[in-house]
Amino acid sequence: KGSYKSTGQNNGVRTHRTKLHKYEGPGEDIAEAFDLDSEVSKRGKASLDSEVRSKLLAETIAPWRTLRMFFAASAGSGAFVGGMLTVGSLAAAVGSGADANEIYKNLAIDFGAAATCAVFFKLDFDKGSELQGKVEAKMKRKKEMKLISAAMKEREKDLKNLQVSIQVSNDGQKKEAPIGVLQSGANQHMVLVIGTQDYTRDSLFSAQLVKRDVFAKGNTLIVPYTLGSDPTKPSGGFGERAEEKEAYVAAPVGEGWENYTQAEINDAVLQGGEDIKKDGIAIVLSNDGTVLRRGVGMIPWKMTVDELNGVDPSLEPVDILD
């Protein structure tokens, strides 16, 4: 849960789910077996020890390495034994004065094959330390991702206490309320848009291209947060852009926003790299307090609102304005 790791492309938008649905099968069991705390690891009477886990993970990183080494060692040993027997035949032929040309050919073939197998074996064997480093790095990365996911899950509890300012009348009158109150009292879903000023403005502008009643009917508010801004200082509405005055846009206000958004950005960067600061992130928050999705880049608004309301877009008529 909470991962910003990419799960694919969706209409040109990189999507990153907060809860990845695992597939059933050997692949899942092998992956989960590396984790001491996983259900697969605990399943059954006997759990795998750390050495076996490392070997299994090494096999997933470098498949067939052990089998290749086995065949190289077996074939090389056979060729070497054959060569030694040929040496005996050569000695006998030389002693008797018989023609040894054919024996020399067989000797070259045997020891040539043994040398070739030895080279292949050594190449795979020498990769052992490098492979072990990759195994340790992968296991360490997995543990780090679990800690990040746990931290993200813990932060979801703090979201309900953050304050937003919403428009409550046609003349622009606004009222401040905690996210938790809007969720429980008004059944409001929310999409938090966090990033640079260009990213938040582009996101709000793209939302304007969607029919306005999509957000109203879907009980969905957009909360844009520009990194580096100070939500504790009211803007008074002066200088607001048109897309920021829409009724479905809620402004973050009060304390706590900076800590929350910075923590989300930091975790996203750990998982996806520094480019995420420029790309921006979106957090899709259901009215029951559940984070349905964390994403990077521009948001497919109609699809997101449908997801929040449990609507299957494939069952709806297509509208080019959506």
# chains A, B, ... in the order shown; residues from 1 in each chain; ligands from 1
$ select_by_dssp --residues "stretch 266-310 of chain A" --states "alpha helix (DSSP H)" --output "MDAnalysis selection string"
chainID A and resid 266:272 275:279 301:308
$ select_by_dssp --residues "stretch 61-203 of chain A" --states "strand (DSSP E or B)" --output "short mmCIF file (atom, residue, chain, number, x, y, z; two decimals) with N, CA, C and O atoms, in the first residue's frame"
data_model
loop_
_atom_site.label_atom_id
_atom_site.label_comp_id
_atom_site.auth_asym_id
_atom_site.auth_seq_id
_atom_site.Cartn_x
_atom_site.Cartn_y
_atom_site.Cartn_z
N GLN A 163 -7.39 21.42 7.40
CA GLN A 163 -8.48 22.34 7.09
C GLN A 163 -8.45 22.77 5.62
O GLN A 163 -7.37 22.93 5.02
N VAL A 164 -9.64 22.96 5.06
CA VAL A 164 -9.77 23.51 3.71
C VAL A 164 -10.83 24.60 3.72
O VAL A 164 -11.72 24.62 4.57
N SER A 165 -10.72 25.50 2.76
CA SER A 165 -11.70 26.57 2.60
C SER A 165 -12.52 26.26 1.35
O SER A 165 -11.98 26.09 0.26
N ILE A 166 -13.86 26.20 1.52
CA ILE A 166 -14.74 25.86 0.41
C ILE A 166 -15.73 26.98 0.14
O ILE A 166 -16.09 27.77 1.03
N GLN A 167 -16.17 27.06 -1.10
CA GLN A 167 -17.15 28.07 -1.49
C GLN A 167 -18.54 27.56 -1.15
O GLN A 167 -18.93 26.46 -1.55
N LYS A 174 -17.07 31.99 1.53
CA LYS A 174 -16.32 30.77 1.83
C LYS A 174 -16.41 30.41 3.31
O LYS A 174 -16.66 31.25 4.16
N LYS A 175 -16.18 29.13 3.56
CA LYS A 175 -16.21 28.63 4.93
C LYS A 175 -15.10 27.60 5.09
O LYS A 175 -14.82 26.81 4.18
N GLU A 176 -14.47 27.59 6.26
CA GLU A 176 -13.40 26.64 6.52
C GLU A 176 -13.92 25.45 7.32
O GLU A 176 -14.78 25.61 8.19
N ALA A 177 -13.40 24.27 6.99
CA ALA A 177 -13.83 23.05 7.69
C ALA A 177 -12.74 21.99 7.55
O ALA A 177 -12.00 21.97 6.56
N PRO A 178 -12.64 21.08 8.53
CA PRO A 178 -11.68 19.97 8.41
C PRO A 178 -12.12 18.99 7.32
O PRO A 178 -13.32 18.83 7.06
N HIS A 189 -15.77 13.42 -1.66
CA HIS A 189 -14.49 12.85 -2.07
C HIS A 189 -13.53 14.01 -2.34
O HIS A 189 -13.97 15.13 -2.60
N MET A 190 -12.25 13.72 -2.34
CA MET A 190 -11.27 14.78 -2.61
C MET A 190 -10.10 14.26 -3.42
O MET A 190 -9.74 13.08 -3.31
N VAL A 191 -9.52 15.15 -4.22
CA VAL A 191 -8.30 14.84 -4.95
C VAL A 191 -7.29 15.91 -4.58
O VAL A 191 -7.48 17.10 -4.90
N LEU A 192 -6.24 15.52 -3.86
CA LEU A 192 -5.20 16.46 -3.47
C LEU A 192 -4.17 16.54 -4.59
O LEU A 192 -3.64 15.52 -5.04
N VAL A 193 -3.91 17.76 -5.05
CA VAL A 193 -2.97 17.99 -6.15
C VAL A 193 -1.77 18.74 -5.58
O VAL A 193 -1.90 19.90 -5.18
N ILE A 194 -0.61 18.09 -5.53
CA ILE A 194 0.56 18.65 -4.84
C ILE A 194 1.73 18.76 -5.81
O ILE A 194 2.10 17.78 -6.46
N GLY A 195 2.28 19.97 -5.91
CA GLY A 195 3.42 20.14 -6.80
C GLY A 195 3.78 21.61 -6.98
O GLY A 195 3.41 22.47 -6.18
#
$ residues_around --residues "A:Gly228" --least-positions-apart "2" --cutoff "9 Å" --atoms "only C-alpha atoms" --output "PDB file with all heavy atoms, in the first residue's frame"
ATOM      1  N   THR A 196       4.490  21.888  -8.051  1.00  0.00           N
ATOM      2  CA  THR A 196       4.880  23.259  -8.363  1.00  0.00           C
ATOM      3  C   THR A 196       3.652  24.074  -8.757  1.00  0.00           C
ATOM      4  O   THR A 196       2.575  23.527  -9.019  1.00  0.00           O
ATOM      5  CB  THR A 196       5.895  23.282  -9.509  1.00  0.00           C
ATOM      6  OG1 THR A 196       5.265  22.748 -10.693  1.00  0.00           O
ATOM      7  CG2 THR A 196       7.126  22.452  -9.172  1.00  0.00           C
ATOM      8  N   TYR A 225      -2.324  22.130  -3.769  1.00  0.00           N
ATOM      9  CA  TYR A 225      -1.323  22.646  -2.838  1.00  0.00           C
ATOM     10  C   TYR A 225      -0.037  22.913  -3.607  1.00  0.00           C
ATOM     11  O   TYR A 225       0.578  21.986  -4.148  1.00  0.00           O
ATOM     12  CB  TYR A 225      -1.052  21.671  -1.695  1.00  0.00           C
ATOM     13  CG  TYR A 225      -0.090  22.224  -0.662  1.00  0.00           C
ATOM     14  CD1 TYR A 225      -0.566  22.904   0.452  1.00  0.00           C
ATOM     15  CD2 TYR A 225       1.286  22.104  -0.822  1.00  0.00           C
ATOM     16  CE1 TYR A 225       0.308  23.443   1.392  1.00  0.00           C
ATOM     17  CE2 TYR A 225       2.167  22.635   0.108  1.00  0.00           C
ATOM     18  CZ  TYR A 225       1.670  23.309   1.216  1.00  0.00           C
ATOM     19  OH  TYR A 225       2.543  23.842   2.141  1.00  0.00           O
ATOM     20  N   THR A 226       0.352  24.183  -3.648  1.00  0.00           N
ATOM     21  CA  THR A 226       1.583  24.568  -4.331  1.00  0.00           C
ATOM     22  C   THR A 226       2.742  24.515  -3.352  1.00  0.00           C
ATOM     23  O   THR A 226       2.708  25.156  -2.291  1.00  0.00           O
ATOM     24  CB  THR A 226       1.461  25.988  -4.908  1.00  0.00           C
ATOM     25  OG1 THR A 226       0.376  26.028  -5.837  1.00  0.00           O
ATOM     26  CG2 THR A 226       2.747  26.384  -5.618  1.00  0.00           C
ATOM     27  N   ASP A 230       2.258  29.177   1.699  1.00  0.00           N
ATOM     28  CA  ASP A 230       1.960  29.221   3.128  1.00  0.00           C
ATOM     29  C   ASP A 230       0.446  29.266   3.309  1.00  0.00           C
ATOM     30  O   ASP A 230      -0.165  30.330   3.225  1.00  0.00           O
ATOM     31  CB  ASP A 230       2.598  30.452   3.770  1.00  0.00           C
ATOM     32  CG  ASP A 230       2.452  30.442   5.296  1.00  0.00           C
ATOM     33  OD1 ASP A 230       1.770  29.540   5.810  1.00  0.00           O
ATOM     34  OD2 ASP A 230       3.023  31.331   5.948  1.00  0.00           O
ATOM     35  N   GLU A 258       1.916  21.832   5.291  1.00  0.00           N
ATOM     36  CA  GLU A 258       3.306  21.792   4.837  1.00  0.00           C
ATOM     37  C   GLU A 258       3.983  20.492   5.232  1.00  0.00           C
ATOM     38  O   GLU A 258       4.672  19.847   4.417  1.00  0.00           O
ATOM     39  CB  GLU A 258       4.087  22.983   5.398  1.00  0.00           C
ATOM     40  CG  GLU A 258       5.539  23.023   4.905  1.00  0.00           C
ATOM     41  CD  GLU A 258       6.300  24.240   5.419  1.00  0.00           C
ATOM     42  OE1 GLU A 258       5.712  25.037   6.175  1.00  0.00           O
ATOM     43  OE2 GLU A 258       7.484  24.369   5.063  1.00  0.00           O
TER      44      GLU A 258
END
$ closest_residue --among "A:Ile148, A:Leu90, A:Val311, A:Trp301" --to "A:Ser206" --atoms "only C-alpha atoms"
A:Trp301
$ atom_distance --atom1 "atom CA of A:Ser203" --atom2 "atom CA of A:Trp257"
18.9 Å
$ atom_distance --atom1 "atom CA of A:Leu147" --atom2 "atom CA of A:Gly254"
28.3 Å
$ residues_around --residues "stretch 101-108 of chain A" --least-positions-apart "4" --cutoff "12 Å" --atoms "only C-alpha atoms" --output "VMD selection string"
chain A and resid 79 to 94 97 112 to 116
$ residues_around --residues "A:Val291" --least-positions-apart "6" --cutoff "8 Å" --atoms "only C-alpha atoms" --output "number ranges by chain"
A: 18, 156, 283-285
$ write_last_selection --atoms "all heavy atoms" --output "compact mmCIF listing (two decimals), in the first residue's frame"
# COMPACT_ATOMS: atom_id res chain seq x y z
N THR A 18 -2.26 2.99 -4.73
CA THR A 18 -1.89 2.87 -3.34
C THR A 18 -2.07 1.45 -2.86
O THR A 18 -1.50 1.03 -1.88
CB THR A 18 -2.73 3.84 -2.48
OG1 THR A 18 -2.25 3.80 -1.16
CG2 THR A 18 -4.18 3.44 -2.48
N GLU A 156 -2.47 8.89 6.60
CA GLU A 156 -3.86 8.99 6.17
C GLU A 156 -4.77 9.37 7.33
O GLU A 156 -5.82 10.00 7.13
CB GLU A 156 -4.31 7.66 5.55
CG GLU A 156 -3.63 7.35 4.22
CD GLU A 156 -4.06 6.01 3.64
OE1 GLU A 156 -5.09 5.47 4.10
OE2 GLU A 156 -3.36 5.49 2.75
N ILE A 283 -3.30 12.72 -4.92
CA ILE A 283 -3.77 11.73 -3.95
C ILE A 283 -5.29 11.70 -4.01
O ILE A 283 -5.95 12.71 -3.75
CB ILE A 283 -3.28 12.08 -2.53
CG1 ILE A 283 -1.75 12.12 -2.50
CG2 ILE A 283 -3.82 11.07 -1.51
CD1 ILE A 283 -1.18 12.61 -1.19
N VAL A 284 -5.83 10.57 -4.40
CA VAL A 284 -7.28 10.41 -4.55
C VAL A 284 -7.84 9.87 -3.25
O VAL A 284 -7.54 8.74 -2.85
CB VAL A 284 -7.61 9.47 -5.73
CG1 VAL A 284 -9.12 9.35 -5.90
CG2 VAL A 284 -6.96 9.99 -7.02
N LEU A 285 -8.68 10.69 -2.60
CA LEU A 285 -9.16 10.39 -1.25
C LEU A 285 -10.67 10.18 -1.26
O LEU A 285 -11.43 11.07 -1.62
CB LEU A 285 -8.79 11.55 -0.32
CG LEU A 285 -9.14 11.43 1.16
CD1 LEU A 285 -8.39 10.26 1.80
CD2 LEU A 285 -8.81 12.73 1.88
$ atom_distance --atom1 "atom CA of A:Ile265" --atom2 "atom CA of A:Lys302"
24.7 Å
$ residues_around --residues "A:Asn309" --least-positions-apart "3" --cutoff "7 Å" --atoms "only C-alpha atoms" --output "short mmCIF file (atom, residue, chain, number, x, y, z; two decimals) with all heavy atoms, in the first residue's frame"
data_model
loop_
_atom_site.label_atom_id
_atom_site.label_comp_id
_atom_site.auth_asym_id
_atom_site.auth_seq_id
_atom_site.Cartn_x
_atom_site.Cartn_y
_atom_site.Cartn_z
N GLY A 218 -20.53 14.16 -8.68
CA GLY A 218 -19.65 13.15 -8.08
C GLY A 218 -19.20 13.48 -6.68
O GLY A 218 -18.39 12.74 -6.10
N VAL A 305 -13.14 10.69 -11.01
CA VAL A 305 -14.43 10.89 -10.34
C VAL A 305 -15.28 9.64 -10.43
O VAL A 305 -15.95 9.24 -9.47
CB VAL A 305 -15.16 12.11 -10.95
CG1 VAL A 305 -16.56 12.24 -10.33
CG2 VAL A 305 -14.37 13.39 -10.71
N ASP A 306 -15.27 8.98 -11.59
CA ASP A 306 -16.02 7.73 -11.74
C ASP A 306 -15.49 6.67 -10.78
O ASP A 306 -16.28 5.93 -10.17
CB ASP A 306 -15.90 7.22 -13.18
CG ASP A 306 -16.75 8.03 -14.16
OD1 ASP A 306 -17.67 8.73 -13.69
OD2 ASP A 306 -16.49 7.97 -15.37
#
$ residues_around --residues "stretch 272-282 of chain A" --least-positions-apart "2" --cutoff "12 Å" --atoms "only C-alpha atoms" --output "PyMOL selection string"
chain A and resi 3-7+13-18+145+190-204+222-228+261-262+264-270+284-285+291-301+304
$ write_last_selection --atoms "C-alpha atoms" --output "PDB file, in the first residue's frame"
ATOM      1  CA  SER A   3       3.452   2.817  -3.387  1.00  0.00           C
ATOM      2  CA  TYR A   4       4.337   5.462  -5.997  1.00  0.00           C
ATOM      3  CA  LYS A   5       5.845   2.737  -8.165  1.00  0.00           C
ATOM      4  CA  SER A   6       4.414   2.882 -11.678  1.00  0.00           C
ATOM      5  CA  THR A   7       1.804   0.293 -12.593  1.00  0.00           C
ATOM      6  CA  VAL A  13      -0.897   9.382 -17.609  1.00  0.00           C
ATOM      7  CA  ARG A  14       1.391   7.399 -15.344  1.00  0.00           C
ATOM      8  CA  THR A  15      -0.723   5.868 -12.626  1.00  0.00           C
ATOM      9  CA  HIS A  16       0.516   4.615  -9.296  1.00  0.00           C
ATOM     10  CA  ARG A  17      -1.854   2.688  -7.108  1.00  0.00           C
ATOM     11  CA  THR A  18      -1.889   2.870  -3.342  1.00  0.00           C
ATOM     12  CA  MET A 145       9.261   0.204   0.672  1.00  0.00           C
ATOM     13  CA  MET A 190     -11.271  14.778  -2.606  1.00  0.00           C
ATOM     14  CA  VAL A 191      -8.301  14.842  -4.948  1.00  0.00           C
ATOM     15  CA  LEU A 192      -5.200  16.459  -3.471  1.00  0.00           C
ATOM     16  CA  VAL A 193      -2.967  17.986  -6.153  1.00  0.00           C
ATOM     17  CA  ILE A 194       0.556  18.647  -4.837  1.00  0.00           C
ATOM     18  CA  GLY A 195       3.424  20.142  -6.800  1.00  0.00           C
ATOM     19  CA  THR A 196       4.880  23.259  -8.363  1.00  0.00           C
ATOM     20  CA  GLN A 197       2.713  26.248  -9.237  1.00  0.00           C
ATOM     21  CA  ASP A 198       2.747  25.225 -12.899  1.00  0.00           C
ATOM     22  CA  TYR A 199       1.576  21.722 -12.028  1.00  0.00           C
ATOM     23  CA  THR A 200      -1.298  22.811  -9.775  1.00  0.00           C
ATOM     24  CA  ARG A 201      -2.473  25.422 -12.287  1.00  0.00           C
ATOM     25  CA  ASP A 202      -2.274  23.012 -15.215  1.00  0.00           C
ATOM     26  CA  SER A 203      -4.220  20.442 -13.194  1.00  0.00           C
ATOM     27  CA  LEU A 204      -6.978  22.940 -12.381  1.00  0.00           C
ATOM     28  CA  ILE A 222     -10.035  19.359  -5.780  1.00  0.00           C
ATOM     29  CA  VAL A 223      -7.517  20.593  -3.217  1.00  0.00           C
ATOM     30  CA  PRO A 224      -4.458  22.147  -4.931  1.00  0.00           C
ATOM     31  CA  TYR A 225      -1.323  22.646  -2.838  1.00  0.00           C
ATOM     32  CA  THR A 226       1.583  24.568  -4.331  1.00  0.00           C
ATOM     33  CA  LEU A 227       4.898  23.592  -2.782  1.00  0.00           C
ATOM     34  CA  GLY A 228       6.491  26.517  -1.001  1.00  0.00           C
ATOM     35  CA  THR A 261       2.706  17.449   1.698  1.00  0.00           C
ATOM     36  CA  GLN A 262       6.463  17.482   2.226  1.00  0.00           C
ATOM     37  CA  GLU A 264       4.349  12.749   0.719  1.00  0.00           C
ATOM     38  CA  ILE A 265       6.790  14.329  -1.724  1.00  0.00           C
ATOM     39  CA  ASN A 266       9.786  12.894   0.149  1.00  0.00           C
ATOM     40  CA  ASP A 267       8.365   9.369   0.041  1.00  0.00           C
ATOM     41  CA  ALA A 268       7.425   9.731  -3.611  1.00  0.00           C
ATOM     42  CA  VAL A 269      10.980  10.834  -4.453  1.00  0.00           C
ATOM     43  CA  LEU A 270      12.424   7.827  -2.604  1.00  0.00           C
ATOM     44  CA  VAL A 284      -7.279  10.412  -4.554  1.00  0.00           C
ATOM     45  CA  LEU A 285      -9.161  10.390  -1.252  1.00  0.00           C
ATOM     46  CA  VAL A 291      -6.650   6.768  -0.117  1.00  0.00           C
ATOM     47  CA  LEU A 292      -7.685   4.976  -3.311  1.00  0.00           C
ATOM     48  CA  ARG A 293      -4.742   6.033  -5.431  1.00  0.00           C
ATOM     49  CA  ARG A 294      -1.518   7.981  -5.447  1.00  0.00           C
ATOM     50  CA  GLY A 295      -0.458   9.189  -8.873  1.00  0.00           C
ATOM     51  CA  VAL A 296       2.230  11.147 -10.674  1.00  0.00           C
ATOM     52  CA  GLY A 297       1.518  13.654 -13.446  1.00  0.00           C
ATOM     53  CA  MET A 298      -1.710  15.015 -14.871  1.00  0.00           C
ATOM     54  CA  ILE A 299      -4.991  13.524 -13.686  1.00  0.00           C
ATOM     55  CA  PRO A 300      -7.690  11.933 -15.917  1.00  0.00           C
ATOM     56  CA  TRP A 301     -10.489  13.773 -14.098  1.00  0.00           C
ATOM     57  CA  THR A 304     -10.977   9.597 -11.336  1.00  0.00           C
TER      58      THR A 304
END
$ closest_residue --among "A:Met139, A:Val181, A:Ala247, A:Ala72" --to "A:Lys160" --atoms "only C-alpha atoms"
A:Val181
